[in-house]
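I have placed the structure first, in the form of structure tokens, so that the comments after it can refer back to it.
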Amino acid sequence: MLRTPEQNQEPVWLVIIRLLRWHKPEGRLILMIPALWAVFLAAAGKPPLPLVGVIVLGTLATSAAGCVVNDLWDRDIDPEVERTRDRPLAARTLSIKVGIGVGIVALSCAAILAFYLNALTFWLSAAAVPVILLYPGAKRVFPVPQLVLSIAWGFAVLISWSAVTETISQPTWILWGATVLWTLGFDTVYAMSDREDDRRIGVNSSALFFGNYAPLAIGIFFAGTIALLAWLGIVIHLHIAFWISLAIATIGWIWQSLRLTQQNLPNPVYGEMFRQNVWIGFILLAGMIAGSL
């Protein structure tokens with residue numbers, strides 16, 4: 001028996017899950033990772049569990065809001081890009097009004113969680129909001145919009161570290177720099193799958209900006225990440241477990257950088273490399289925790 005259009009319609013709650021990208025957890029986890037790096041390092045491997053819970057929930061709420069804002073900005077561009085054409089606002093399976101409502105709820109949840117934190121951390125959280133709201137527009141006017149995203153990711157470090165120590169110190173900024181460079185690396189990898197669509201539409205990306213030198217730029221970003229993490233390990237006296245995890249991460253990033261030099265890689269490979277960075281991030285987190293104790 002044929003199903004009617006009404007029967008084929010996807011439930012609204014499932015559409016909202018796709019809007020928030022909760023069906024693709026790697027994008028949520030990769031924002032959570034630098035926040036967890038910071039909270040565990042700042043607390044010498046033993047942060048209060050309630051604070052860890054706030055950080056985890058806060059990153060989920062913030063990334064959810066970021067996804068909604070991005071899709072509202074790009075609702076007329078996404079249908080022209082193969083990877084994004086099925087997003088709910090692009091495919092018109094969800095109304096703009098509902099999208100705005102979901103975004104407000106996500107930001108409100110993040111704001112409520114921020115009230116649990118100290119004054120410095122609260123205002124750092126507030127300072128991150130304009131960056132989150134404006135990032136999707138950066139691709140229209142700024143040649144390297146991934147840098148704006150990287151700065152947004154860097155706020156996860158500043159917020160989480162200051163939530164433990166109520167201050168920002170030299171190690172905070174070293175970890176911030178490592179996070180910015182790491183994000184520039186993996187998000188440039190991610191952008192490489194959209195190069196042809198972005199060029200045709202006329203929007204910017206770091207993959208287009210660096211052109212044939214994109215693999216080299218990514219390698220430099222990863223090398224800078226390694227150098228800054230090593231400096232951080234020396235400054236805060238991390239133990240052998242951290243150095244083992246950094247060695248594993250280094251091997252992973254070298255392998256990715258070399259693979260990117262190959263010609264005519266299929267587009268799914270770039271998404272695969274992006275997901276590999278989630279595992280690299282968690283390996284480093286484990287090393288940071290064990291190396292702090």
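Identifiers in the structure tokens: chain A, B, ... in order shown; residue index from 1 per chain; ligand index from 1 in order shown.
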Against range 158-179 of chain A, which residues of range 226-253 of chain A fall within 7 Å? For each one I want the closest pair of atoms and the distance in Å (one decimal), counting only C-alpha atoms, rows by chain and increasing residue number, as JSON lines.
```
{"residue": "A:Leu228", "atom": "CA", "partner": "A:Ala178", "partner_atom": "CA", "distance": 5.5}
{"residue": "A:Leu229", "atom": "CA", "partner": "A:Ala178", "partner_atom": "CA", "distance": 6.3}
{"residue": "A:Leu232", "atom": "CA", "partner": "A:Pro171", "partner_atom": "CA", "distance": 6.1}
```
File dump, residues just selected, C-alpha atoms, as a PDB file, in the first residue's frame:
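Generated output (selection35.pdb):
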```pdb
ATOM      1  CA  LEU A 228      52.154  24.921  21.418  1.00  0.00           C
ATOM      2  CA  LEU A 229      50.893  21.762  23.147  1.00  0.00           C
ATOM      3  CA  LEU A 232      52.165  23.862  27.418  1.00  0.00           C
TER       4      LEU A 232
END
```
Q. Residues at most 10 Å from range 279-281 of chain A, counting only C-alpha atoms, excluding those fewer than 5 positions away in the same chain, as a ChimeraX atom specification?
A. /A:26,29-34,36-37,182,245-246,248-253,274,286-287
Output for the residues just chosen: C-alpha atoms as a short mmCIF file (atom, residue, chain, number, x, y, z; two decimals), in the first residue's frame:
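Listing of part_30.cif after writing:
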```cif
data_model
loop_
_atom_site.label_atom_id
_atom_site.label_comp_id
_atom_site.auth_asym_id
_atom_site.auth_seq_id
_atom_site.Cartn_x
_atom_site.Cartn_y
_atom_site.Cartn_z
CA GLU A 26 31.36 14.49 15.85
CA LEU A 29 32.24 16.56 20.34
CA ILE A 30 34.97 18.50 18.57
CA LEU A 31 33.80 21.72 20.28
CA MET A 32 33.57 19.94 23.61
CA ILE A 33 37.15 18.65 23.40
CA PRO A 34 39.09 21.94 23.89
CA LEU A 36 37.45 19.62 28.42
CA TRP A 37 41.18 20.08 27.77
CA TRP A 182 44.02 22.95 15.45
CA SER A 245 49.32 11.12 23.63
CA LEU A 246 51.00 14.05 21.88
CA ILE A 248 50.17 9.68 18.82
CA ALA A 249 48.44 12.92 17.78
CA THR A 250 51.56 14.02 15.92
CA ILE A 251 51.64 10.77 13.94
CA GLY A 252 47.94 11.21 13.09
CA TRP A 253 48.39 14.80 11.91
CA PHE A 274 37.55 15.59 10.22
CA ALA A 286 43.21 11.25 28.09
CA GLY A 287 46.91 12.11 28.03
#
```
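Coordinates place CA of Ala35 in chain A at a distance of 20.7 Å from CA of Val68 in chain A.
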Range 74-76 of chain A: which residues within 9 Å, counting only C-alpha atoms, same-chain residues fewer than 3 positions away excluded, as a JSON list (two decimals) with C-alpha atoms, in the first residue's frame?
```json
[["chain", "number", "residue", "atom", "x", "y", "z"],
["A", 69, "VAL", "CA", 22.43, 30.48, 13.37],
["A", 70, "ASN", "CA", 24.58, 29.05, 10.58],
["A", 71, "ASP", "CA", 21.58, 27.50, 8.84],
["A", 79, "PRO", "CA", 20.51, 24.27, -1.39],
["A", 80, "GLU", "CA", 23.33, 24.98, -3.88],
["A", 87, "ARG", "CA", 19.48, 20.63, 5.89],
["A", 88, "PRO", "CA", 16.00, 21.41, 7.27],
["A", 89, "LEU", "CA", 15.98, 25.16, 6.61],
["A", 90, "ALA", "CA", 17.58, 24.72, 3.19],
["A", 91, "ALA", "CA", 15.11, 21.98, 2.21],
["A", 92, "ARG", "CA", 12.22, 24.04, 3.67],
["A", 96, "ILE", "CA", 12.31, 30.11, 9.66],
["A", 136, "PRO", "CA", 28.29, 32.46, 9.26],
["A", 137, "GLY", "CA", 28.38, 35.89, 7.64]]
```
Cut-off 12 Å: closest range 236-279 of chain A/range 201-213 of chain A atom pairs per residue, using only C-alpha atoms, as a Markdown table:
```
| residue | atom | partner | partner_atom | distance |
| --- | --- | --- | --- | --- |
| A:Ser257 | CA | A:Tyr213 | CA | 11.4 |
| A:Leu260 | CA | A:Tyr213 | CA | 10.4 |
| A:Thr261 | CA | A:Asn212 | CA | 9.2 |
| A:Gln262 | CA | A:Asn212 | CA | 11.3 |
| A:Gln263 | CA | A:Asn212 | CA | 10.4 |
| A:Tyr270 | CA | A:Ala207 | CA | 11.5 |
```
With C-alpha atoms retained, could you export that selection as a PDB file, in the first residue's frame?
```
ATOM      1  CA  SER A 257      48.928  16.138   6.019  1.00  0.00           C
ATOM      2  CA  LEU A 260      46.104  15.564   1.622  1.00  0.00           C
ATOM      3  CA  THR A 261      48.933  15.987  -0.881  1.00  0.00           C
ATOM      4  CA  GLN A 262      47.444  13.180  -2.988  1.00  0.00           C
ATOM      5  CA  GLN A 263      45.588  14.304  -6.096  1.00  0.00           C
ATOM      6  CA  TYR A 270      37.779  15.012   3.986  1.00  0.00           C
TER       7      TYR A 270
END
```
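Distance-wise, CA of Val144 in chain A and CA of Leu216 in chain A end up 15.5 Å apart.
Between CA of Ala114 in chain A and CA of Ala126 in chain A the interatomic distance comes to 8.6 Å.
Comparing A:Pro143, A:Gly53, A:Ala44, A:Ala65 by their smallest distance to Arg21 in chain A, the closest is A:Ala65 (using only C-alpha atoms).
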Closest contacts (range 68-153 of chain A/range 45-52 of chain A, max 12 Å, only C-alpha atoms) as JSON lines:
```
{"residue": "A:Leu113", "atom": "CA", "partner": "A:Leu51", "partner_atom": "CA", "distance": 10.0}
{"residue": "A:Ala114", "atom": "CA", "partner": "A:Leu51", "partner_atom": "CA", "distance": 10.8}
{"residue": "A:Phe115", "atom": "CA", "partner": "A:Leu51", "partner_atom": "CA", "distance": 11.9}
{"residue": "A:Tyr116", "atom": "CA", "partner": "A:Leu51", "partner_atom": "CA", "distance": 8.6}
{"residue": "A:Leu117", "atom": "CA", "partner": "A:Leu51", "partner_atom": "CA", "distance": 8.4}
{"residue": "A:Asn118", "atom": "CA", "partner": "A:Leu51", "partner_atom": "CA", "distance": 11.2}
```
Q) Where in range 65-216 of chain A does DSSP assign helix (DSSP H, G or I), given as an MDAnalysis selection string? A) chainID A and resid 65:73 78:80 96:114 119:141 145:165 170:201 206:216
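Checking A:Ala247, A:Met273, A:Leu124, A:Ala42 one by one against Leu293 in chain A, counting only C-alpha atoms, you find the shortest gap at A:Ala42.
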